[in-house]
file protein-v6.tsv (TSV, C-alpha atoms)
chain	number	residue	atom	x	y	z
A	639	MET	CA	0.00	0.00	0.00
A	640	THR	CA	1.47	3.32	-0.98
A	641	ALA	CA	1.90	6.21	1.40
A	642	MET	CA	-0.82	8.19	-0.36
A	643	ARG	CA	-3.38	5.39	0.09
A	644	LYS	CA	-2.54	5.16	3.80
A	645	ALA	CA	-2.93	8.90	4.18
A	646	LEU	CA	-6.30	8.80	2.43
A	647	ARG	CA	-7.38	5.94	4.65
A	648	TYR	CA	-6.58	7.74	7.90
A	649	TRP	CA	-7.47	11.34	7.04
A	650	PRO	CA	-10.97	11.24	8.60
A	651	TRP	CA	-9.54	10.10	11.93
A	652	LEU	CA	-6.82	12.74	11.83
A	653	ALA	CA	-9.46	15.35	10.97
A	654	ALA	CA	-11.52	14.29	14.00
A	655	ILE	CA	-8.47	14.61	16.26
A	656	PHE	CA	-7.69	18.02	14.75
A	657	SER	CA	-11.27	19.12	15.32
A	658	GLY	CA	-11.04	18.13	18.99
A	659	LEU	CA	-7.80	20.06	19.34
A	660	LEU	CA	-9.30	23.14	17.72
A	661	CYS	CA	-12.19	22.97	20.19
A	662	THR	CA	-9.71	22.97	23.07
A	663	PHE	CA	-8.10	26.17	21.86
A	664	CYS	CA	-11.43	27.98	22.29
A	665	PHE	CA	-11.18	27.74	26.09
A	666	PRO	CA	-8.68	28.94	28.71
A	667	PRO	CA	-5.72	29.16	28.92
A	668	PHE	CA	-5.64	29.75	25.13
A	669	ASN	CA	-8.81	31.89	24.92
A	670	GLN	CA	-9.07	31.84	21.14
A	671	ALA	CA	-12.86	32.10	21.03
A	672	TRP	CA	-12.91	32.95	17.33
A	673	LEU	CA	-11.87	29.35	16.61
A	674	CYS	CA	-15.27	28.06	17.71
A	675	TRP	CA	-16.64	29.07	14.31
A	676	PHE	CA	-14.18	26.78	12.53
A	677	ALA	CA	-13.45	24.02	15.05
A	678	LEU	CA	-15.99	21.49	13.80
A	679	THR	CA	-15.22	21.99	10.10
A	680	PRO	CA	-12.66	19.13	9.90
A	681	LEU	CA	-15.08	16.77	11.65
A	682	LEU	CA	-17.94	17.70	9.34
A	683	ALA	CA	-15.71	17.21	6.30
A	684	ALA	CA	-14.68	13.78	7.59
A	685	VAL	CA	-18.28	12.76	8.16
A	686	TRP	CA	-19.65	14.08	4.87
A	687	PHE	CA	-16.87	13.28	2.42
A	688	SER	CA	-15.45	9.94	3.55
A	689	GLY	CA	-16.62	6.41	4.14
A	690	THR	CA	-19.08	6.18	1.28
A	691	ASP	CA	-18.16	2.53	0.71
A	692	SER	CA	-18.39	1.65	4.40
A	693	LYS	CA	-20.91	-1.02	5.47
A	694	ARG	CA	-21.84	0.71	8.71
A	695	ARG	CA	-21.32	4.34	7.92
A	696	TRP	CA	-23.44	5.52	10.85
A	697	LEU	CA	-21.18	3.67	13.29
A	698	ARG	CA	-18.06	5.10	11.67
A	699	ASP	CA	-19.46	8.62	11.83
A	700	LEU	CA	-20.43	8.08	15.47
A	701	ASN	CA	-16.89	6.97	16.26
A	702	LEU	CA	-15.41	10.01	14.49
A	703	GLY	CA	-17.53	12.34	16.61
A	704	TYR	CA	-16.72	10.35	19.74
A	705	LEU	CA	-12.99	10.63	19.01
A	706	ALA	CA	-13.22	14.40	18.56
A	707	GLY	CA	-15.13	14.74	21.82
A	708	LEU	CA	-12.71	12.46	23.62
A	709	VAL	CA	-9.71	14.52	22.50
A	710	PHE	CA	-11.46	17.65	23.76
A	711	LEU	CA	-12.43	16.01	27.06
A	712	VAL	CA	-8.99	14.59	27.77
A	713	ARG	CA	-7.38	17.95	27.21
A	714	PHE	CA	-10.04	19.61	29.37
A	715	LEU	CA	-9.44	17.18	32.21
A	716	LEU	CA	-5.65	17.36	32.08
A	717	VAL	CA	-5.07	21.08	31.76
A	718	LYS	CA	-3.84	23.01	34.77
A	719	ASP	CA	-6.30	25.47	36.19
A	720	ARG	CA	-5.35	28.94	37.40
A	721	HIS	CA	-4.33	27.56	40.80
A	722	GLY	CA	-1.86	25.09	39.30
A	723	LYS	CA	-3.92	21.97	40.04
A	724	TRP	CA	-3.94	19.25	37.41
A	725	LEU	CA	-7.09	17.34	38.17
A	726	ASP	CA	-9.99	18.68	40.13
A	727	SER	CA	-12.64	16.34	41.51
A	728	ARG	CA	-15.37	18.40	39.84
A	729	ARG	CA	-13.74	17.96	36.45
A	730	ILE	CA	-13.40	14.22	36.94
A	731	LEU	CA	-17.00	13.94	38.13
A	732	HIS	CA	-18.45	15.98	35.28
A	733	GLY	CA	-16.29	14.33	32.64
A	734	GLY	CA	-17.18	10.86	33.85
A	735	LEU	CA	-20.83	11.78	34.21
A	736	PHE	CA	-21.12	13.07	30.65
A	737	CYS	CA	-19.21	10.11	29.20
A	738	GLY	CA	-21.31	7.69	31.23
A	739	LEU	CA	-24.60	9.31	30.27
A	740	GLY	CA	-23.62	9.43	26.61
A	741	LEU	CA	-22.62	5.79	26.62
A	742	ALA	CA	-25.82	4.78	28.44
A	743	ARG	CA	-27.93	6.72	25.94
A	744	TRP	CA	-26.16	5.07	23.03
A	745	ILE	CA	-26.65	1.58	24.51
A	746	ILE	CA	-30.34	2.22	25.19
A	747	SER	CA	-30.94	3.54	21.68
A	748	ALA	CA	-29.08	0.59	20.16
A	749	ALA	CA	-31.08	-1.90	22.24
A	750	GLN	CA	-34.46	-0.60	21.11
A	751	PRO	CA	-36.04	-2.82	18.47
A	752	ILE	CA	-36.23	-1.34	15.00
A	753	ALA	CA	-39.80	-1.26	13.74
A	754	SER	CA	-40.43	-2.85	10.38
A	755	SER	CA	-41.94	-0.81	7.57
A	756	SER	CA	-45.35	-2.49	8.02
A	757	GLN	CA	-45.41	-1.53	11.70
A	758	LYS	CA	-44.49	2.04	10.81
A	759	GLN	CA	-47.27	2.20	8.22
A	760	THR	CA	-49.78	0.82	10.75
A	761	ARG	CA	-48.75	3.43	13.31
A	762	LEU	CA	-48.98	6.24	10.74
A	763	ALA	CA	-52.43	5.08	9.61
A	764	SER	CA	-53.73	4.91	13.17
A	765	ALA	CA	-52.26	8.30	14.00
A	766	SER	CA	-53.89	9.99	11.00
A	767	ALA	CA	-57.32	8.46	11.68
call {"tool": "encode", "arguments": {"input": "protein-v6.tsv", "output": "structure tokens"}}
result
Amino acid sequence: MTAMRKALRYWPWLAAIFSGLLCTFCFPPFNQAWLCWFALTPLLAAVWFSGTDSKRRWLRDLNLGYLAGLVFLVRFLLVKDRHGKWLDSRRILHGGLFCGLGLARWIISAAQPIASSSQKQTRLASASA
């Protein structure tokens, strides 16, 4: 496999990491708030313009967004605050809470049965009557 093919294979994942890093620069100690208008552009490009031949594109796109959020969260948890502390219990609690709630929501939505088209049509007919 040539170097160009490898680069094309991994560019969506690198774009998601870059998007997470750009999001971190919007907050202290960097305070580059103007970057918030452009921070998600690499992630959106990776979601829209890659993976067209993927079998489970929705899962791939979900993982790209999760990676971008994870890069942002890890940087947020590990940055020193203004008092020189590395990790604060509030940051750990909130970070774990949001990750846990997001994972629980994803598991619950994945566990719900998918209605067949005939069930959807029956529900639509009964709702319109």
call {"tool": "residues_around", "arguments": {"input": "protein-v6.tsv", "residues": "range 703-715 of chain A", "least_positions_apart": "4", "cutoff": "6 Å", "atoms": "only C-alpha atoms", "output": "MDAnalysis selection string"}}
result
chainID A and resid 654:655 658 662
call {"tool": "closest_residue", "arguments": {"input": "protein-v6.tsv", "among": "A:Ser747, A:Thr679, A:Gln670, A:Ser688", "to": "Trp649 in chain A", "atoms": "all atoms listed in the file"}}
result
A:Ser688
call {"tool": "closest_residue", "arguments": {"input": "protein-v6.tsv", "among": "A:Cys661, A:Leu697, A:Ala748, A:Leu646", "to": "Ala677 in chain A", "atoms": "all atoms listed in the file"}}
result
A:Cys661
call {"tool": "atom_distance", "arguments": {"input": "protein-v6.tsv", "atom1": "CA of Ser692 in chain A", "atom2": "CA of Met642 in chain A"}}
result
19.3 Å
call {"tool": "atom_distance", "arguments": {"input": "protein-v6.tsv", "atom1": "CA of Leu682 in chain A", "atom2": "CA of Ile746 in chain A"}}
result
25.4 Å
call {"tool": "closest_residue", "arguments": {"input": "protein-v6.tsv", "among": "A:Arg695, A:Gly689, A:Leu702, A:Leu673", "to": "Ala653 in chain A", "atoms": "all atoms listed in the file"}}
result
A:Leu702
call {"tool": "axis_aligned_box", "arguments": {"input": "protein-v6.tsv", "around": "range 662-672 of chain A", "padding_each_side": "4 Å", "output": "lines of an AutoDock Vina configuration file"}}
result
center_x = -9.3
center_y = 28.0
center_z = 23.1
size_x = 15.3
size_y = 18.0
size_z = 19.6
call {"tool": "closest_residue", "arguments": {"input": "protein-v6.tsv", "among": "A:Phe676, A:Ala684, A:Ile745, A:Pro666", "to": "Leu652 in chain A", "atoms": "all atoms listed in the file"}}
result
A:Ala684
